[in-house]
Every structure is written in C-alpha cells, then in structure tokens.
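Chemist: Structure file final-v1.cif, mmCIF, C-alpha atoms, is pasted below:
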```
data_start
loop_
_atom_site.label_atom_id
_atom_site.label_comp_id
_atom_site.auth_asym_id
_atom_site.auth_seq_id
_atom_site.Cartn_x
_atom_site.Cartn_y
_atom_site.Cartn_z
CA MET A 1499 -172.31 78.29 98.83
CA SER A 1500 -170.81 74.90 97.99
CA SER A 1501 -169.65 71.93 100.03
CA GLU A 1502 -168.94 68.59 98.32
CA HIS A 1503 -172.28 67.42 96.86
CA LEU A 1504 -174.27 70.36 98.27
CA ARG A 1505 -174.73 73.75 96.59
CA ILE A 1506 -177.03 76.54 97.74
CA ALA A 1507 -177.83 79.45 95.45
CA VAL A 1508 -180.09 82.37 96.36
CA PHE A 1509 -181.79 84.55 93.74
CA ALA A 1510 -184.22 87.43 93.88
CA LYS A 1511 -187.34 87.88 91.78
CA GLU A 1512 -187.41 90.63 89.21
CA GLY A 1513 -188.80 93.83 90.70
CA VAL A 1514 -187.84 93.05 94.30
CA LYS A 1515 -186.14 95.96 96.03
CA LEU A 1516 -182.74 95.07 97.48
CA PRO A 1517 -180.35 97.23 99.52
CA GLN A 1518 -177.63 96.43 97.01
CA GLU A 1519 -178.70 94.55 93.91
CA PRO A 1520 -176.23 91.68 93.36
CA LYS A 1521 -175.26 91.40 89.73
CA GLY A 1522 -176.69 88.27 88.11
CA LYS A 1523 -178.77 87.33 91.17
CA VAL A 1524 -182.00 89.03 90.12
CA LEU A 1525 -183.89 86.79 87.71
CA LYS A 1526 -187.05 86.78 85.72
CA ILE A 1527 -189.29 83.77 86.37
CA GLU A 1528 -188.64 82.40 82.88
CA GLU A 1529 -184.87 82.59 83.48
CA LEU A 1530 -184.95 80.43 86.61
CA PRO A 1531 -184.91 76.93 84.98
CA GLU A 1532 -181.80 77.74 82.96
CA HIS A 1533 -179.99 79.09 86.02
CA VAL A 1534 -180.97 76.07 88.14
CA ILE A 1535 -179.43 73.78 85.50
CA PHE A 1536 -176.34 75.98 85.41
CA GLU A 1537 -175.91 75.87 89.19
CA PHE A 1538 -176.45 72.10 89.23
CA ALA A 1539 -173.80 71.68 86.53
CA LYS A 1540 -171.25 73.43 88.73
CA ILE A 1541 -171.25 70.51 91.19
CA THR A 1542 -171.70 67.73 88.64
CA ALA A 1543 -169.53 68.77 85.70
CA GLY A 1544 -166.53 66.47 85.54
CA LEU A 1545 -165.22 63.22 84.10
CA VAL A 1546 -165.89 61.00 87.10
CA SER A 1547 -169.12 62.67 88.22
CA ASN A 1548 -170.68 62.31 84.78
CA VAL A 1549 -170.45 58.52 85.02
CA PRO A 1550 -172.61 58.12 88.17
CA LEU A 1551 -175.05 60.71 86.81
CA GLU A 1552 -175.42 58.72 83.59
CA SER A 1553 -175.63 55.49 85.60
CA LEU A 1554 -178.44 56.80 87.80
CA SER A 1555 -180.30 57.97 84.71
CA VAL A 1556 -179.97 54.54 83.06
CA LEU A 1557 -181.12 52.73 86.20
CA ARG A 1558 -184.08 55.06 86.62
CA ASP A 1559 -185.16 54.66 82.99
CA ASN A 1560 -184.86 50.87 83.18
CA THR A 1561 -186.31 50.20 86.63
CA HIS A 1562 -189.14 48.23 85.03
CA LEU A 1563 -186.63 45.79 83.50
CA ILE A 1564 -184.98 45.11 86.87
CA LEU A 1565 -188.34 44.60 88.58
CA GLY A 1566 -189.42 42.34 85.72
CA ARG A 1567 -186.46 40.03 86.33
CA LEU A 1568 -186.72 40.17 90.12
CA GLY A 1569 -190.46 39.95 90.55
CA PRO A 1570 -192.61 38.07 93.11
CA GLU A 1571 -192.25 34.81 91.15
CA MET A 1572 -188.67 34.65 92.46
CA ASP A 1573 -189.90 34.30 96.05
CA PRO A 1574 -190.38 30.47 96.05
CA PRO A 1575 -186.87 29.65 94.74
CA TYR A 1576 -185.42 32.27 97.07
CA LEU A 1577 -187.05 30.61 100.06
CA ALA A 1578 -185.84 27.18 98.92
CA HIS A 1579 -182.34 28.57 98.50
CA ARG A 1580 -182.46 30.08 101.99
CA ALA A 1581 -183.66 26.83 103.55
CA LEU A 1582 -180.74 24.89 102.05
CA LEU A 1583 -177.98 27.25 103.18
CA PRO A 1584 -175.84 26.29 106.22
CA ASN A 1585 -176.32 29.85 107.46
CA SER A 1586 -179.76 31.01 106.33
CA ASP A 1587 -179.01 34.70 106.94
CA ASP A 1588 -176.49 34.57 104.07
CA ALA A 1589 -179.47 34.61 101.72
CA THR A 1590 -180.07 38.30 102.35
CA ASP A 1591 -176.53 39.15 101.22
CA TYR A 1592 -177.01 36.93 98.18
CA ILE A 1593 -180.06 38.94 97.11
CA VAL A 1594 -177.94 42.10 97.23
CA ASP A 1595 -175.31 40.36 95.10
CA ILE A 1596 -177.94 39.45 92.52
CA ILE A 1597 -179.25 43.01 92.37
CA SER A 1598 -175.73 44.41 92.07
CA SER A 1599 -175.05 42.00 89.21
CA GLU A 1600 -178.22 43.13 87.39
CA PHE A 1601 -177.26 46.77 87.88
CA ARG A 1602 -173.75 46.17 86.54
CA SER A 1603 -175.04 44.26 83.53
CA LEU A 1604 -177.42 47.11 82.69
CA LEU A 1605 -174.74 49.79 83.06
CA GLU A 1606 -172.30 47.82 80.93
CA ASN A 1607 -174.95 47.35 78.27
CA TYR A 1608 -175.44 51.14 78.08
CA ASP A 1609 -171.68 51.72 78.20
CA VAL A 1610 -171.91 54.45 80.84
CA GLY A 1611 -168.13 54.45 81.21
CA CYS A 1612 -167.85 56.24 77.86
CA LYS A 1613 -168.62 59.45 79.76
CA SER A 1614 -164.98 59.37 80.88
CA ASN A 1615 -163.34 58.17 77.64
CA LEU A 1616 -160.62 59.96 75.67
CA ASP A 1617 -163.07 62.17 73.80
CA SER A 1618 -164.49 63.37 77.10
CA ILE A 1619 -160.99 63.84 78.47
CA ARG A 1620 -160.04 66.06 75.52
CA LEU A 1621 -163.07 68.25 76.16
CA TRP A 1622 -162.30 68.41 79.89
CA LEU A 1623 -158.67 69.37 79.30
CA SER A 1624 -159.63 71.99 76.72
CA GLU A 1625 -162.06 73.54 79.17
CA TYR A 1626 -159.59 73.29 82.04
CA ASN A 1627 -156.75 74.89 80.09
CA PRO A 1628 -157.85 76.69 76.89
CA SER A 1629 -154.23 77.64 76.09
CA GLY A 1630 -153.40 74.01 75.30
CA LYS A 1631 -150.08 74.27 77.18
CA PHE A 1632 -149.48 72.25 80.33
CA THR A 1633 -146.66 72.06 82.85
CA ILE A 1634 -146.10 68.70 84.51
CA GLN A 1635 -144.11 70.10 87.41
CA PRO A 1636 -145.48 73.47 88.54
CA HIS A 1637 -143.00 76.38 88.33
CA ARG A 1638 -140.69 74.46 85.97
CA THR A 1639 -141.13 75.62 82.39
CA SER A 1640 -138.77 72.93 81.05
CA ASN A 1641 -141.59 70.39 81.29
CA GLU A 1642 -144.21 72.33 79.36
CA ILE A 1643 -146.10 70.04 76.97
CA ASP A 1644 -149.10 70.34 74.67
CA LEU A 1645 -152.54 68.69 74.71
CA ALA A 1646 -151.56 66.00 72.18
CA THR A 1647 -148.74 64.80 74.47
CA ILE A 1648 -151.10 64.73 77.45
CA ILE A 1649 -153.44 62.51 75.46
CA ASP A 1650 -150.47 60.24 74.70
CA PHE A 1651 -149.81 59.95 78.43
CA LEU A 1652 -153.44 58.97 78.99
CA SER A 1653 -153.67 56.48 76.13
CA LYS A 1654 -150.20 55.00 75.57
CA ASP A 1655 -147.33 53.48 77.51
CA PHE A 1656 -146.14 55.95 80.14
CA LYS A 1657 -142.39 55.17 79.96
CA ASN A 1658 -142.24 55.34 76.16
CA THR A 1659 -144.17 58.62 76.16
CA CYS A 1660 -141.66 60.06 78.65
CA LYS A 1661 -138.73 58.98 76.46
CA GLU A 1662 -140.30 60.34 73.28
CA ASN A 1663 -140.78 63.73 74.94
CA SER A 1664 -137.57 63.80 77.02
CA ILE A 1665 -139.51 63.89 80.28
CA ASN A 1666 -138.27 62.45 83.56
CA GLU A 1667 -140.24 59.30 84.47
CA LYS A 1668 -140.38 60.50 88.07
CA SER A 1669 -142.79 63.19 86.92
CA TYR A 1670 -145.59 60.72 87.67
CA LYS A 1671 -145.31 61.83 91.29
CA ASN A 1672 -146.68 65.23 90.25
CA PHE A 1673 -149.38 64.08 87.86
CA THR A 1674 -152.31 64.61 90.20
CA ARG A 1675 -151.07 68.11 91.04
CA PHE A 1676 -150.74 68.74 87.31
CA PHE A 1677 -154.46 68.08 86.77
CA CYS A 1678 -155.63 70.03 89.82
CA ILE A 1679 -157.68 73.18 89.41
CA ASN A 1680 -156.86 76.36 91.34
CA ASP A 1681 -155.72 75.56 94.89
CA GLN A 1682 -156.78 71.90 95.14
CA ASP A 1683 -154.59 69.79 97.41
CA SER A 1684 -153.21 67.00 95.20
CA HIS A 1685 -151.99 64.91 98.15
CA GLU A 1686 -155.39 65.00 99.81
CA LEU A 1687 -157.06 64.05 96.52
CA ASP A 1688 -154.64 61.13 96.06
CA CYS A 1689 -155.56 59.86 99.52
CA LYS A 1690 -159.29 60.17 98.79
CA PHE A 1691 -158.90 58.29 95.51
CA ALA A 1692 -156.89 55.55 97.22
CA MET A 1693 -159.65 55.14 99.81
CA LEU A 1694 -162.31 55.18 97.09
CA THR A 1695 -160.61 52.33 95.23
CA SER A 1696 -159.70 50.18 98.23
CA LEU A 1697 -162.20 50.75 101.07
CA LYS A 1698 -165.92 50.10 101.37
CA TYR A 1699 -167.87 53.21 102.29
CA ARG A 1700 -170.71 52.91 104.79
CA TYR A 1701 -173.59 55.13 103.66
CA GLY A 1702 -175.75 56.44 106.50
CA TRP A 1703 -176.30 54.75 109.84
CA PRO A 1704 -176.70 50.98 110.25
CA THR A 1705 -180.35 49.92 110.15
CA ILE A 1706 -182.25 46.79 111.12
CA CYS A 1707 -184.88 45.40 108.76
CA GLN A 1708 -188.31 45.78 110.34
CA PHE A 1709 -191.83 44.88 109.20
#
```
Please go through the file and, once you have read it, give me the structure as structure tokens.
Modeler:
Amino acid sequence: MSSEHLRIAVFAKEGVKLPQEPKGKVLKIEELPEHVIFEFAKITAGLVSNVPLESLSVLRDNTHLILGRLGPEMDPPYLAHRALLPNSDDATDYIVDIISSEFRSLLENYDVGCKSNLDSIRLWLSEYNPSGKFTIQPHRTSNEIDLATIIDFLSKDFKNTCKENSINEKSYKNFTRFFCINDQDSHELDCKFAMLTSLKYRYGWPTICQF
C-alpha cells in the first residue's frame, strides 16, 4: 500500500501457513534486508527525490561540522546582536537564516544537484521507456522522437530543437504529460510543481518555543 511518502509492505516468514500463499510475499529471514531496500526504493527512486535523499545524507554525515561552526561560543555575539536590533525578536529568524546558509553551502560543496543531471536523466528515461521511442503528444505518431532528441530538448535551446526536428513549438504544453508514467495527471502535477516553486509550505502545526 502506497500513499505519497508512505509505503506499507507485509511479508510472511518462511514456514508460516497461509490460506493462500501470496507469491513473493513469503521470505526467508536473510532475504528481508534486500526486500526492505527494494520497497524503500519504490517510493524514493526518481530524479527529484534522489536530491533530497542525498542532501539528508550529506547533512547527517557532516552534522559535526555545522555544530562546530555554530557552537556555544556564538552565544555572546548572538546576544549582543539581539540587543542592538530595533525588534529583538528578529534575532530568532536571523539564526534560522544563518543555519540555512550553512546547510546550502554544505550541499553546494558536495554538489548534491548532480543527482538530477543529464547523466541521471538518461538513466531515468531509459528505465521509463526502454524502447527509446517517445511521443510528445499522446496518440499522435507524427511526433515520435528518440532519446537523443529528448536529451537535446533538456540541454539545448527549445525553439531551435523544435525547428531542427520539425516539431511544433506549442508541444511544450504537453511536455509534462509526455514524461508522466501510467495514468498520472499531468495538469495536477503541473499545479503541484508551481506551488512547490512559488509557495512556502508549512510543515506540521505551529509551535511556541518553551523551556
């Protein structure tokens, strides 16, 4: 069972009697780790999702560096900074800005964005469509193009690529649908991406700092 970032998988131990033994759901103990990784990969495999996964790994492995730069010795200058602000409560937001800046610097240093570069895109497209043939507008065979042309679209000037391949420039309206898998709703995904790139998401419920 899957829903967004949640996936639940149920397996049975080897030797357990079941009314109807589901194929592939009865595992030996030594097989469990591999299957857990496989199930986890089903909700994390992707171009975009690989970047936050790599980012979290980098931040976890380098927590000591962040704490070393933002240790207790920063308390005195922080308090002085707070005292000199017209609105002292702004200091708490400033601390968050500093931490965000340190996180960004660390992620840039480890180049986590490479998880979604052209090499990764080629692999994703090859996995998505092993045939190597793609149709920009579904149900219209006249716009069938190969993987090399798709890479051109993703790495070169869009208008020139359209002219070189005799493709209508208005095909951009169908590009999200073109990359969708199975019955994904391209319009809904476009809306989600627009919100992701323009709105600030509020995680969890508002909390008040308490001591």
Chemist: With distances taken over all atoms listed in the file, which residue among A:Ile1597, A:Asp1609, A:Lys1654, A:Phe1676 lies nearest Lys1631 in chain A?
Modeler: A:Phe1676
Chemist: Using all atoms listed in the file, pick whichever of A:Ser1653, A:Asn1627, A:Asn1585, A:Thr1542 has the shortest atom-to-atom distance to Cys1678 in chain A.
Modeler: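 Once distances to Cys1678 in chain A are computed over all atoms listed in the file, the minimum belongs to A:Asn1627.
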Chemist: What residues come out when you apply the PyMOL selection byres ((chain A and resi 1506-1508) around 10) to this file, written as a ChimeraX atom specification?
Modeler: /A:1499-1501,1504-1505,1509-1510,1523-1524,1533-1534,1537-1538
Chemist: Applied to this file, what does the PyMOL selection byres ((chain A and resi 1684-1696) around 12) return in terms of residues, put as a ChimeraX atom specification?
Modeler: /A:1546,1671-1683,1697-1700
Chemist: Find the distance between CA of Leu1605 in chain A and CA of Val1556 in chain A and write it in Å to one decimal.
Modeler: 7.1 Å
Chemist: So which residues touch range 1562-1575 of chain A within 9 Å, counting all atoms listed in the file, skipping near sequence neighbours fewer than 6 positions away, as a list of chain:residue names?
Modeler: A:Ile1597, A:Glu1600, A:Phe1601, A:Leu1604
Chemist: Please list as a ChimeraX atom specification every residue within 10 Å of Leu1623 in chain A, counting only C-alpha atoms and excluding residues in the same chain fewer than 5 positions away.
Modeler: /A:1618,1628-1630,1632,1645,1648-1649,1677
Chemist: Create the file for the chosen residues now, containing C-alpha atoms and written as a PDB file, keeping the file's coordinate frame.
Modeler:
```
ATOM      1  CA  SER A1618    -164.490  63.370  77.100  1.00  0.00           C
ATOM      2  CA  PRO A1628    -157.850  76.690  76.890  1.00  0.00           C
ATOM      3  CA  SER A1629    -154.230  77.640  76.090  1.00  0.00           C
ATOM      4  CA  GLY A1630    -153.400  74.010  75.300  1.00  0.00           C
ATOM      5  CA  PHE A1632    -149.480  72.250  80.330  1.00  0.00           C
ATOM      6  CA  LEU A1645    -152.540  68.690  74.710  1.00  0.00           C
ATOM      7  CA  ILE A1648    -151.100  64.730  77.450  1.00  0.00           C
ATOM      8  CA  ILE A1649    -153.440  62.510  75.460  1.00  0.00           C
ATOM      9  CA  PHE A1677    -154.460  68.080  86.770  1.00  0.00           C
TER      10      PHE A1677
END
```
Chemist: Return as a PyMOL selection string the set of residues that the PyMOL selection byres ((chain A and resi 1549-1552) around 12) yields on the displayed structure.
Modeler: chain A and resi 1538-1539+1541-1548+1553-1559+1604-1606+1608-1615+1618
Chemist: Please produce an output containing C-alpha atoms for each residue in the selection, written as a PDB file, in the frame of the given file.
Modeler:
```pdb
ATOM      1  CA  PHE A1538    -176.450  72.100  89.230  1.00  0.00           C
ATOM      2  CA  ALA A1539    -173.800  71.680  86.530  1.00  0.00           C
ATOM      3  CA  ILE A1541    -171.250  70.510  91.190  1.00  0.00           C
ATOM      4  CA  THR A1542    -171.700  67.730  88.640  1.00  0.00           C
ATOM      5  CA  ALA A1543    -169.530  68.770  85.700  1.00  0.00           C
ATOM      6  CA  GLY A1544    -166.530  66.470  85.540  1.00  0.00           C
ATOM      7  CA  LEU A1545    -165.220  63.220  84.100  1.00  0.00           C
ATOM      8  CA  VAL A1546    -165.890  61.000  87.100  1.00  0.00           C
ATOM      9  CA  SER A1547    -169.120  62.670  88.220  1.00  0.00           C
ATOM     10  CA  ASN A1548    -170.680  62.310  84.780  1.00  0.00           C
ATOM     11  CA  SER A1553    -175.630  55.490  85.600  1.00  0.00           C
ATOM     12  CA  LEU A1554    -178.440  56.800  87.800  1.00  0.00           C
ATOM     13  CA  SER A1555    -180.300  57.970  84.710  1.00  0.00           C
ATOM     14  CA  VAL A1556    -179.970  54.540  83.060  1.00  0.00           C
ATOM     15  CA  LEU A1557    -181.120  52.730  86.200  1.00  0.00           C
ATOM     16  CA  ARG A1558    -184.080  55.060  86.620  1.00  0.00           C
ATOM     17  CA  ASP A1559    -185.160  54.660  82.990  1.00  0.00           C
ATOM     18  CA  LEU A1604    -177.420  47.110  82.690  1.00  0.00           C
ATOM     19  CA  LEU A1605    -174.740  49.790  83.060  1.00  0.00           C
ATOM     20  CA  GLU A1606    -172.300  47.820  80.930  1.00  0.00           C
ATOM     21  CA  TYR A1608    -175.440  51.140  78.080  1.00  0.00           C
ATOM     22  CA  ASP A1609    -171.680  51.720  78.200  1.00  0.00           C
ATOM     23  CA  VAL A1610    -171.910  54.450  80.840  1.00  0.00           C
ATOM     24  CA  GLY A1611    -168.130  54.450  81.210  1.00  0.00           C
ATOM     25  CA  CYS A1612    -167.850  56.240  77.860  1.00  0.00           C
ATOM     26  CA  LYS A1613    -168.620  59.450  79.760  1.00  0.00           C
ATOM     27  CA  SER A1614    -164.980  59.370  80.880  1.00  0.00           C
ATOM     28  CA  ASN A1615    -163.340  58.170  77.640  1.00  0.00           C
ATOM     29  CA  SER A1618    -164.490  63.370  77.100  1.00  0.00           C
TER      30      SER A1618
END
```
Chemist: Give the padded box for range 1682-1688 of chain A as JSON: axis-aligned, covering all atoms listed in the file, 5 Å on each side, centre and edge lengths in Å to one decimal.
Modeler:
```
{"center_x": -154.5, "center_y": 66.5, "center_z": 97.5, "size_x": 15.1, "size_y": 20.8, "size_z": 14.7}
```
Chemist: Can you tell me how far CA of Asp1650 in chain A sits from CA of Glu1625 in chain A, in Å to one decimal?
Modeler: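 Calculated distance between CA of Asp1650 in chain A and CA of Glu1625 in chain A is 18.2 Å.
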